[in-house]
Structures are given as structure tokens and as C-alpha cells.
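Before any comments, here is the structure.
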Amino acid sequence: MSGLVIRGLTLELGDRKNRKRILRGINLDIPAGSITGLAGESGSGKTMTGLAVIGLQPAGSTVGGTIEFTGRRGSVDNLLSISPRAMNALRGRDISMIFQDPTASLHPMLTIGRQLTDHLRHHLKVGGSEARERAISLLERVKVPDPPAALRKYPHQFSGGQLQRIAIAIALACEPSVLIADEPTTALDVTVQAGILRLLRELCDSLDLAVLLVTHDLGVMSALADTITVMRNGEVVETGSRYQVIREPVSEYTKSLIDALPNAHRGASSTETELN
Ligand SMILES: Nc1ncnc2c1ncn2[C@@H]1O[C@H](COP(=O)(O)OP(=O)(O)OP(=O)(O)O)[C@@H](O)[C@H]1O
Ligand SMILES: [Mg+2]
């Protein structure tokens with residue numbers, strides 16, 4: 001299977017006396033061409049799961065289990081056992097991540113053009129004019145208006161929604177196989193949110209991306225994810241198709257999350273229609 005297969009992922013923090021088990025044996029499949037939703041309350045370990053995949057867990061963590069990666073440029077049996085150097089080569093190139101705050105992945109003092117072309121030149125070893133052409137086509141792909149003008153601007157000259165599109169463009173620059181999106185729309189208002197989610201769906205389908213969508217918002221999940229995994233306290237409590245998890249949840253915990261949703265979202269209805 002192209003994408004990621006996570007088995008028995010554990011993550012512990014602290015020393016022997018004061019050990020905190022953050023992830024307690026996570027199993028998760030993130031196949032290509034599909035959006036895998038990861039839901040659960042704050043502190044359940046969603047972000048840690050994403051960070052462990054790209055080797056950015058906090059210093060001093062002990063990580064166990066396996067993460068098998070199969071991408072278009074090659075595969076790795078277990079991402080957890082490769083060298084930091086090998087992980088550096090994969091991160092941002094084969095496995096990309098976007099975050100809630102798009103400014104976290106952008107430098108405030110450099111133009112968007114500089115940031116995009118530097119990234120392309122560094123990872124793909126292309127020359128200046130090819131990097132510029134690719135930067136323009138990436139901005140077109142994520143539907144940023146007037147890409148040549150956008151390349152000359154600085155991050156503060158864009159709205160939050162446009163910045164998230166630009167962060168997605170940077171994440172996609174090297175044609176990754178896996179995209180991890182951690183709360184990518186939480187900081188945006190609802191109308192802008194729908195546009196970004198629609199874009200993620202389109203990119204997943206057209207680029208055959210394996211997308212891990214982390215969000216505490218089951219409403220977003222019910223509109224977008226193909227499968228949903230619900231976590232609690234570092235464990236998976238439920239995994240299934242979007243339909244099954246939203247309409248026929250098995251665990252009491254998932255039921256309580258769904259009961260807390262506004263009516264409109266229950267049963268994968270309104271936002272789904274809005275997005276399709
Ligand atoms: N740098 C860190 N050092 C120590 N503990 C941490 C660190 N980051 C997170 N934790 C702990 O790890 C656990 C899982 O955190 P994580 O950030 O993965 O939760 P989350 O599900 O992403 O929550 P949220 O919805 O709030 O983003 C929490 O108990 C948190 O307190
Ligand atoms: Mg988080």
C-alpha cells in the first residue's frame with residue numbers, strides 16, 4: 001500500500017522515575033488517494049502522532065513500534081529506525097506537514113517568491129528560472145490569485161486563508177507522497193475554512209496524496225475524511241469509514257463527541273453538501 005502503515009506506535013516522555021506515556025500503541029493506515037481523519041479531545045496525542053511520523057517528537061522522547069512508508073520515490077520499512085540524516089531528506093520532500101498557524105512555516109522577512117524558490121532549489125536542485133516557473137504553477141494549483149504578484153509580496157500582505165494556501169503550496173513543492181495537516185483550518189473563519197478543505201480534497205485526489213488530517217472538529221471530519229480514527233488518552237478508541245464512525249459509532253466516547261456536535265453536522269450532512 002502506498003502511504004503510511006503505523007503499527008504499535010508508542011511514545012513516552014520523561015525519565016525513568018517520571019515517565020509519561022503519551023502514545024500507547026497506535027495503529028493507523030494512511031493510504032494514498034485518501035484523507036485519513038484523526039480526531040479526539042485536546043491532549044489525546046493527535047499532534048504527537050503526526051510529529052512522530054516526521055521525527056519531530058520532543059527531545060527526550062522514547063518512541064517504539066513501526067511506521068512503514070511507501071512513496072513514489074521509494075519506501076522505508078520503518079521510519080522510526082532511520083538516521084536523522086535520512087529523516088531530514090524525507091521531511092519536507094516525501095512527507096510534508098502543514099500546521100494550524102501558516103505563519104509557522106513562513107519567514108516574515110522574506111517574500112513568498114524567495115521562500116518558495118529557495119525551497120524548490122534546495123530540495124529539487126533546480127535553477128532559478130525553473131524554480132520560479134514551478135513556484136508560479138504551485139500558486140496556481142492552490143488557487144492564490146495573480147501568482148507573479150504574489151511572489152513579490154511578504155507574508156503579512158496576505159489574509160490567513162491565502163497564507164494557508166501558500167503554506168500548502170510549499171508543502172506540495174517537492175511532490176510529496178504524504179501530507180500531514182494538523183488543524184489546518186482551525187484558525188480560519190468558516191467560509192475560508194470550507195475553501196481550504198475543498199482544496200485539500202482536490203489535491204488529495206489529483207496528486208494521489210496520502211493525507212492525515214488532524215482535527216478536534218468532527219464536523220470537519222464528517223465533511224471531508226474518508227476514514228476516521230478517534231483517539232483518547234494516547235489510544236485509538238475507534239476506526240472506521242466516515243459513514244460508520246459518524247452514523248454508527250461503536251465507542252461510547254465517539255458517541256459523546258458526536259452528541260456534542262451541532263445538529264447540522266450529524267450524519268455527514270450539511271458541510272458535505274457544501275464541499276461537494
Ligand atoms: N513538548 C512536550 N513536552 C511534554 N509533554 C508534551 C509536549 N507536547 C505535548 N505533550 C503532552 O502530550 C500529550 C499529547 O499532546 P498532543 O499535542 O499530541 O495532543 P493533541 O491531541 O494534539 O491536542 P490538541 O487538540 O490540543 O492539539 C498531552 O498530554 C500533552 O500535554
Ligand atoms: Mg494538536
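Letters A, B, ... go to the chains of the C-alpha cells in the order shown; residues in each chain start at 1; ligands are counted from 1 in the same order.
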>> Run DSSP on the backbone and tell me which residues of range 22-218 of chain A come out as helix (DSSP H, G or I); list them as a ChimeraX atom specification.
In response: /A:46-53,79-81,84-90,102-105,112-124,128-141,147-151,155-157,160-172,190-207,218
>> If you run DSSP on the backbone here, which positions in range 18-112 of chain A get strand (DSSP E or B)? Please write them as an MDAnalysis selection string.
In response: chainID A and resid 20:31 34:40 62:71 74:76 91 95:98
Store the residues picked out above in a file with N, CA and C atoms, as an mmCIF file, in the first residue's frame.
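Writing the result to again36.cif gives the following:
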```
data_model
loop_
_atom_site.group_PDB
_atom_site.id
_atom_site.type_symbol
_atom_site.label_atom_id
_atom_site.label_comp_id
_atom_site.auth_asym_id
_atom_site.auth_seq_id
_atom_site.Cartn_x
_atom_site.Cartn_y
_atom_site.Cartn_z
ATOM 1 N N LYS A 20 5.897 9.486 31.316
ATOM 2 C CA LYS A 20 4.527 9.798 30.890
ATOM 3 C C LYS A 20 4.294 9.079 29.572
ATOM 4 N N ARG A 21 3.284 8.230 29.543
ATOM 5 C CA ARG A 21 3.001 7.509 28.289
ATOM 6 C C ARG A 21 2.062 8.366 27.449
ATOM 7 N N ILE A 22 2.591 8.905 26.370
ATOM 8 C CA ILE A 22 1.820 9.838 25.547
ATOM 9 C C ILE A 22 1.045 9.077 24.458
ATOM 10 N N LEU A 23 1.708 8.127 23.795
ATOM 11 C CA LEU A 23 1.027 7.286 22.802
ATOM 12 C C LEU A 23 1.175 5.838 23.263
ATOM 13 N N ARG A 24 0.057 5.103 23.252
ATOM 14 C CA ARG A 24 0.057 3.771 23.865
ATOM 15 C C ARG A 24 -0.252 2.658 22.877
ATOM 16 N N GLY A 25 0.420 2.697 21.733
ATOM 17 C CA GLY A 25 0.210 1.599 20.782
ATOM 18 C C GLY A 25 -0.810 1.961 19.716
ATOM 19 N N ILE A 26 -0.465 2.964 18.908
ATOM 20 C CA ILE A 26 -1.390 3.452 17.873
ATOM 21 C C ILE A 26 -1.250 2.602 16.606
ATOM 22 N N ASN A 27 -2.354 2.133 16.058
ATOM 23 C CA ASN A 27 -2.388 1.503 14.738
ATOM 24 C C ASN A 27 -3.183 2.416 13.815
ATOM 25 N N LEU A 28 -2.598 2.736 12.670
ATOM 26 C CA LEU A 28 -3.261 3.684 11.782
ATOM 27 C C LEU A 28 -2.770 3.469 10.357
ATOM 28 N N ASP A 29 -3.700 3.339 9.414
ATOM 29 C CA ASP A 29 -3.342 3.243 7.993
ATOM 30 C C ASP A 29 -3.655 4.571 7.330
ATOM 31 N N ILE A 30 -2.690 5.090 6.576
ATOM 32 C CA ILE A 30 -2.898 6.357 5.873
ATOM 33 C C ILE A 30 -2.584 6.110 4.400
ATOM 34 N N PRO A 31 -3.569 5.595 3.650
ATOM 35 C CA PRO A 31 -3.296 5.215 2.258
ATOM 36 C C PRO A 31 -3.304 6.396 1.286
ATOM 37 N N SER A 34 -6.352 9.234 -0.282
ATOM 38 C CA SER A 34 -7.389 9.147 0.738
ATOM 39 C C SER A 34 -7.094 10.137 1.866
ATOM 40 N N ILE A 35 -8.155 10.656 2.470
ATOM 41 C CA ILE A 35 -7.977 11.528 3.630
ATOM 42 C C ILE A 35 -8.320 10.738 4.882
ATOM 43 N N THR A 36 -7.309 10.580 5.732
ATOM 44 C CA THR A 36 -7.492 9.844 6.977
ATOM 45 C C THR A 36 -7.626 10.859 8.097
ATOM 46 N N GLY A 37 -8.768 10.885 8.730
ATOM 47 C CA GLY A 37 -9.015 11.868 9.781
ATOM 48 C C GLY A 37 -8.587 11.334 11.137
ATOM 49 N N LEU A 38 -7.955 12.194 11.921
ATOM 50 C CA LEU A 38 -7.571 11.816 13.281
ATOM 51 C C LEU A 38 -8.235 12.805 14.224
ATOM 52 N N ALA A 39 -9.177 12.297 15.017
ATOM 53 C CA ALA A 39 -9.960 13.161 15.894
ATOM 54 C C ALA A 39 -9.699 12.798 17.353
ATOM 55 N N GLY A 40 -10.256 13.577 18.246
ATOM 56 C CA GLY A 40 -10.101 13.287 19.669
ATOM 57 C C GLY A 40 -9.866 14.558 20.445
ATOM 58 N N THR A 62 10.937 8.629 24.026
ATOM 59 C CA THR A 62 11.271 7.272 23.598
ATOM 60 C C THR A 62 10.138 6.795 22.710
ATOM 61 N N VAL A 63 10.489 6.419 21.490
ATOM 62 C CA VAL A 63 9.458 6.040 20.528
ATOM 63 C C VAL A 63 9.602 4.564 20.187
ATOM 64 N N GLY A 64 8.476 3.851 20.076
ATOM 65 C CA GLY A 64 8.514 2.427 19.702
ATOM 66 C C GLY A 64 7.460 2.116 18.656
ATOM 67 N N GLY A 65 7.526 0.896 18.115
ATOM 68 C CA GLY A 65 6.563 0.497 17.088
ATOM 69 C C GLY A 65 7.181 0.638 15.708
ATOM 70 N N THR A 66 6.336 0.597 14.682
ATOM 71 C CA THR A 66 6.844 0.739 13.312
ATOM 72 C C THR A 66 5.977 1.705 12.511
ATOM 73 N N ILE A 67 6.624 2.429 11.610
ATOM 74 C CA ILE A 67 5.902 3.273 10.648
ATOM 75 C C ILE A 67 6.475 2.944 9.270
ATOM 76 N N GLU A 68 5.710 2.190 8.500
ATOM 77 C CA GLU A 68 6.161 1.808 7.159
ATOM 78 C C GLU A 68 5.725 2.887 6.172
ATOM 79 N N PHE A 69 6.668 3.325 5.359
ATOM 80 C CA PHE A 69 6.380 4.384 4.392
ATOM 81 C C PHE A 69 6.607 3.856 2.976
ATOM 82 N N THR A 70 5.612 4.032 2.130
ATOM 83 C CA THR A 70 5.782 3.683 0.713
ATOM 84 C C THR A 70 5.410 4.915 -0.102
ATOM 85 N N GLY A 71 6.405 5.464 -0.820
ATOM 86 C CA GLY A 71 6.159 6.685 -1.580
ATOM 87 C C GLY A 71 6.484 6.492 -3.039
ATOM 88 N N GLY A 74 10.290 5.818 -3.449
ATOM 89 C CA GLY A 74 10.937 4.747 -2.693
ATOM 90 C C GLY A 74 10.165 4.441 -1.426
ATOM 91 N N SER A 75 10.658 3.461 -0.675
ATOM 92 C CA SER A 75 9.947 3.103 0.541
ATOM 93 C C SER A 75 10.925 2.863 1.687
ATOM 94 N N VAL A 76 10.390 2.914 2.887
ATOM 95 C CA VAL A 76 11.193 2.711 4.100
ATOM 96 C C VAL A 76 10.405 1.760 4.999
ATOM 97 N N ARG A 91 11.772 14.506 5.097
ATOM 98 C CA ARG A 91 10.870 15.518 5.649
ATOM 99 C C ARG A 91 10.826 16.746 4.747
ATOM 100 N N ILE A 95 7.493 13.535 2.768
ATOM 101 C CA ILE A 95 6.443 13.655 3.784
ATOM 102 C C ILE A 95 6.432 15.105 4.248
ATOM 103 N N SER A 96 5.322 15.798 3.992
ATOM 104 C CA SER A 96 5.230 17.218 4.339
ATOM 105 C C SER A 96 4.201 17.429 5.427
ATOM 106 N N MET A 97 4.330 18.542 6.100
ATOM 107 C CA MET A 97 3.366 18.837 7.164
ATOM 108 C C MET A 97 2.931 20.291 7.088
ATOM 109 N N ILE A 98 1.647 20.540 7.302
ATOM 110 C CA ILE A 98 1.174 21.914 7.478
ATOM 111 C C ILE A 98 0.489 22.027 8.837
#
```
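You will find CA of Ser206 in chain A at 8.1 Å from CA of Gly33 in chain A.
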> Looking at A:Met231, A:Ala32, A:Ile54, A:Leu209, which one is nearest to ligand 2, with distances taken over only C-alpha atoms and all ligand atoms?
Replying inline: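 Among A:Met231, A:Ala32, A:Ile54, A:Leu209, it is A:Met231 that comes nearest to ligand 2.
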Using only C-alpha atoms and all ligand atoms, find each residue of chain A with at least one atom at most 12 Å away from an atom of ligand 1; report its shortest atom-to-atom pair and that distance in Å (one decimal), sort the rows by chain and rising residue number, and return the result as JSON lines.
```
{"residue": "A:Thr10", "atom": "CA", "partner": "ligand 1", "partner_atom_place_in_ligand_line": "14 (C)", "distance": 11.7}
{"residue": "A:Leu11", "atom": "CA", "partner": "ligand 1", "partner_atom_place_in_ligand_line": "12 (O)", "distance": 9.1}
{"residue": "A:Glu12", "atom": "CA", "partner": "ligand 1", "partner_atom_place_in_ligand_line": "12 (O)", "distance": 9.0}
{"residue": "A:Leu13", "atom": "CA", "partner": "ligand 1", "partner_atom_place_in_ligand_line": "4 (C)", "distance": 6.5}
{"residue": "A:Gly14", "atom": "CA", "partner": "ligand 1", "partner_atom_place_in_ligand_line": "4 (C)", "distance": 7.9}
{"residue": "A:Asp15", "atom": "CA", "partner": "ligand 1", "partner_atom_place_in_ligand_line": "4 (C)", "distance": 11.6}
{"residue": "A:Asn18", "atom": "CA", "partner": "ligand 1", "partner_atom_place_in_ligand_line": "4 (C)", "distance": 11.6}
{"residue": "A:Arg19", "atom": "CA", "partner": "ligand 1", "partner_atom_place_in_ligand_line": "4 (C)", "distance": 10.5}
{"residue": "A:Lys20", "atom": "CA", "partner": "ligand 1", "partner_atom_place_in_ligand_line": "5 (N)", "distance": 8.0}
{"residue": "A:Arg21", "atom": "CA", "partner": "ligand 1", "partner_atom_place_in_ligand_line": "12 (O)", "distance": 8.3}
{"residue": "A:Ile22", "atom": "CA", "partner": "ligand 1", "partner_atom_place_in_ligand_line": "13 (C)", "distance": 5.2}
{"residue": "A:Leu23", "atom": "CA", "partner": "ligand 1", "partner_atom_place_in_ligand_line": "14 (C)", "distance": 7.6}
{"residue": "A:Arg24", "atom": "CA", "partner": "ligand 1", "partner_atom_place_in_ligand_line": "14 (C)", "distance": 11.0}
{"residue": "A:Leu38", "atom": "CA", "partner": "ligand 1", "partner_atom_place_in_ligand_line": "21 (O)", "distance": 8.9}
{"residue": "A:Ala39", "atom": "CA", "partner": "ligand 1", "partner_atom_place_in_ligand_line": "21 (O)", "distance": 7.8}
{"residue": "A:Gly40", "atom": "CA", "partner": "ligand 1", "partner_atom_place_in_ligand_line": "21 (O)", "distance": 6.3}
{"residue": "A:Glu41", "atom": "CA", "partner": "ligand 1", "partner_atom_place_in_ligand_line": "25 (O)", "distance": 5.7}
{"residue": "A:Ser42", "atom": "CA", "partner": "ligand 1", "partner_atom_place_in_ligand_line": "25 (O)", "distance": 3.5}
{"residue": "A:Gly43", "atom": "CA", "partner": "ligand 1", "partner_atom_place_in_ligand_line": "19 (O)", "distance": 3.4}
{"residue": "A:Ser44", "atom": "CA", "partner": "ligand 1", "partner_atom_place_in_ligand_line": "21 (O)", "distance": 3.9}
{"residue": "A:Gly45", "atom": "CA", "partner": "ligand 1", "partner_atom_place_in_ligand_line": "18 (O)", "distance": 3.1}
{"residue": "A:Lys46", "atom": "CA", "partner": "ligand 1", "partner_atom_place_in_ligand_line": "21 (O)", "distance": 3.8}
{"residue": "A:Thr47", "atom": "CA", "partner": "ligand 1", "partner_atom_place_in_ligand_line": "22 (O)", "distance": 3.6}
{"residue": "A:Met48", "atom": "CA", "partner": "ligand 1", "partner_atom_place_in_ligand_line": "18 (O)", "distance": 3.8}
{"residue": "A:Thr49", "atom": "CA", "partner": "ligand 1", "partner_atom_place_in_ligand_line": "18 (O)", "distance": 6.4}
{"residue": "A:Gly50", "atom": "CA", "partner": "ligand 1", "partner_atom_place_in_ligand_line": "18 (O)", "distance": 8.1}
{"residue": "A:Leu51", "atom": "CA", "partner": "ligand 1", "partner_atom_place_in_ligand_line": "18 (O)", "distance": 8.3}
{"residue": "A:Ala52", "atom": "CA", "partner": "ligand 1", "partner_atom_place_in_ligand_line": "18 (O)", "distance": 9.7}
{"residue": "A:Leu56", "atom": "CA", "partner": "ligand 1", "partner_atom_place_in_ligand_line": "1 (N)", "distance": 10.2}
{"residue": "A:Gln57", "atom": "CA", "partner": "ligand 1", "partner_atom_place_in_ligand_line": "1 (N)", "distance": 7.7}
{"residue": "A:Pro58", "atom": "CA", "partner": "ligand 1", "partner_atom_place_in_ligand_line": "1 (N)", "distance": 5.1}
{"residue": "A:Ala59", "atom": "CA", "partner": "ligand 1", "partner_atom_place_in_ligand_line": "1 (N)", "distance": 7.9}
{"residue": "A:Gly60", "atom": "CA", "partner": "ligand 1", "partner_atom_place_in_ligand_line": "3 (N)", "distance": 9.0}
{"residue": "A:Ser61", "atom": "CA", "partner": "ligand 1", "partner_atom_place_in_ligand_line": "3 (N)", "distance": 8.6}
{"residue": "A:Thr62", "atom": "CA", "partner": "ligand 1", "partner_atom_place_in_ligand_line": "4 (C)", "distance": 11.9}
{"residue": "A:Phe99", "atom": "CA", "partner": "ligand 1", "partner_atom_place_in_ligand_line": "27 (O)", "distance": 10.4}
{"residue": "A:Gln100", "atom": "CA", "partner": "ligand 1", "partner_atom_place_in_ligand_line": "27 (O)", "distance": 9.4}
{"residue": "A:Ala181", "atom": "CA", "partner": "ligand 1", "partner_atom_place_in_ligand_line": "22 (O)", "distance": 11.5}
{"residue": "A:Asp182", "atom": "CA", "partner": "ligand 1", "partner_atom_place_in_ligand_line": "22 (O)", "distance": 8.0}
{"residue": "A:Glu183", "atom": "CA", "partner": "ligand 1", "partner_atom_place_in_ligand_line": "27 (O)", "distance": 7.8}
{"residue": "A:Pro184", "atom": "CA", "partner": "ligand 1", "partner_atom_place_in_ligand_line": "27 (O)", "distance": 11.3}
{"residue": "A:Thr186", "atom": "CA", "partner": "ligand 1", "partner_atom_place_in_ligand_line": "25 (O)", "distance": 10.3}
{"residue": "A:Leu213", "atom": "CA", "partner": "ligand 1", "partner_atom_place_in_ligand_line": "22 (O)", "distance": 11.5}
{"residue": "A:Val214", "atom": "CA", "partner": "ligand 1", "partner_atom_place_in_ligand_line": "22 (O)", "distance": 7.8}
{"residue": "A:Thr215", "atom": "CA", "partner": "ligand 1", "partner_atom_place_in_ligand_line": "25 (O)", "distance": 6.9}
{"residue": "A:His216", "atom": "CA", "partner": "ligand 1", "partner_atom_place_in_ligand_line": "25 (O)", "distance": 5.6}
{"residue": "A:Asp217", "atom": "CA", "partner": "ligand 1", "partner_atom_place_in_ligand_line": "25 (O)", "distance": 9.1}
{"residue": "A:Leu218", "atom": "CA", "partner": "ligand 1", "partner_atom_place_in_ligand_line": "25 (O)", "distance": 11.8}
{"residue": "A:Val230", "atom": "CA", "partner": "ligand 1", "partner_atom_place_in_ligand_line": "21 (O)", "distance": 10.1}
{"residue": "A:Met231", "atom": "CA", "partner": "ligand 1", "partner_atom_place_in_ligand_line": "21 (O)", "distance": 7.8}
{"residue": "A:Arg232", "atom": "CA", "partner": "ligand 1", "partner_atom_place_in_ligand_line": "21 (O)", "distance": 8.0}
{"residue": "A:Asn233", "atom": "CA", "partner": "ligand 1", "partner_atom_place_in_ligand_line": "29 (O)", "distance": 7.6}
{"residue": "A:Gly234", "atom": "CA", "partner": "ligand 1", "partner_atom_place_in_ligand_line": "14 (C)", "distance": 7.0}
{"residue": "A:Glu235", "atom": "CA", "partner": "ligand 1", "partner_atom_place_in_ligand_line": "21 (O)", "distance": 10.6}
{"residue": "A:Val236", "atom": "CA", "partner": "ligand 1", "partner_atom_place_in_ligand_line": "21 (O)", "distance": 11.5}
```
> If we count only C-alpha atoms, what is near Leu197 in chain A at a cut-off of 12 Å, once residues fewer than 4 positions away on the same chain are taken out, given as a ChimeraX atom specification?
Replying inline: /A:35,142,161,164-165,168,181,183-186,188,190-193,201-204,211,213,215,219-225,271-272,274-276
> With only C-alpha atoms as the atoms that count, which of A:Ile246, A:Met109, A:Ala194, A:Ile136 lies nearest to Thr227 in chain A?
Replying inline: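 That would be A:Ile246, the residue with the smallest distance to Thr227 in chain A.
In this structure, CA of Gly113 in chain A sits 9.2 Å away from CA of Ala149 in chain A.
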> For ligand 2, which residue among A:Asp101, A:Leu151, A:Glu238, A:Gly160 is the nearest when counting only C-alpha atoms and all ligand atoms?
Replying inline: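 Of all the options, A:Asp101 lies closest to ligand 2.
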> If you count only C-alpha atoms, which residues fall within 10 Å of Arg132 in chain A, apart from same-chain ones fewer than 3 positions away, as a ChimeraX atom specification?
Replying inline: /A:113-114,116-118,120-121,126-129,135-138,148,151
> Please, what distance in Å, to one decimal, runs between CA of Lys153 in chain A and CA of Pro108 in chain A?
Replying inline: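 Distance reported for this atom pair: 10.5 Å.
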> Of the candidates A:Ala260, A:Val237, A:Leu163, A:Ile180, which one gets nearest to ligand 2 if we count only C-alpha atoms and all ligand atoms?
Replying inline: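 Of A:Ala260, A:Val237, A:Leu163, A:Ile180, the one nearest ligand 2 is A:Ile180, counting only C-alpha atoms and all ligand atoms.
Residues with any atom within 12 Å of His122 in chain A, counting only C-alpha atoms and excluding same-chain neighbours fewer than 6 positions away, are Ala89, Gly92, Arg93, Arg114, Gln115, Leu116, Gly128, Ala131, Ala173 and Cys174 of chain A.
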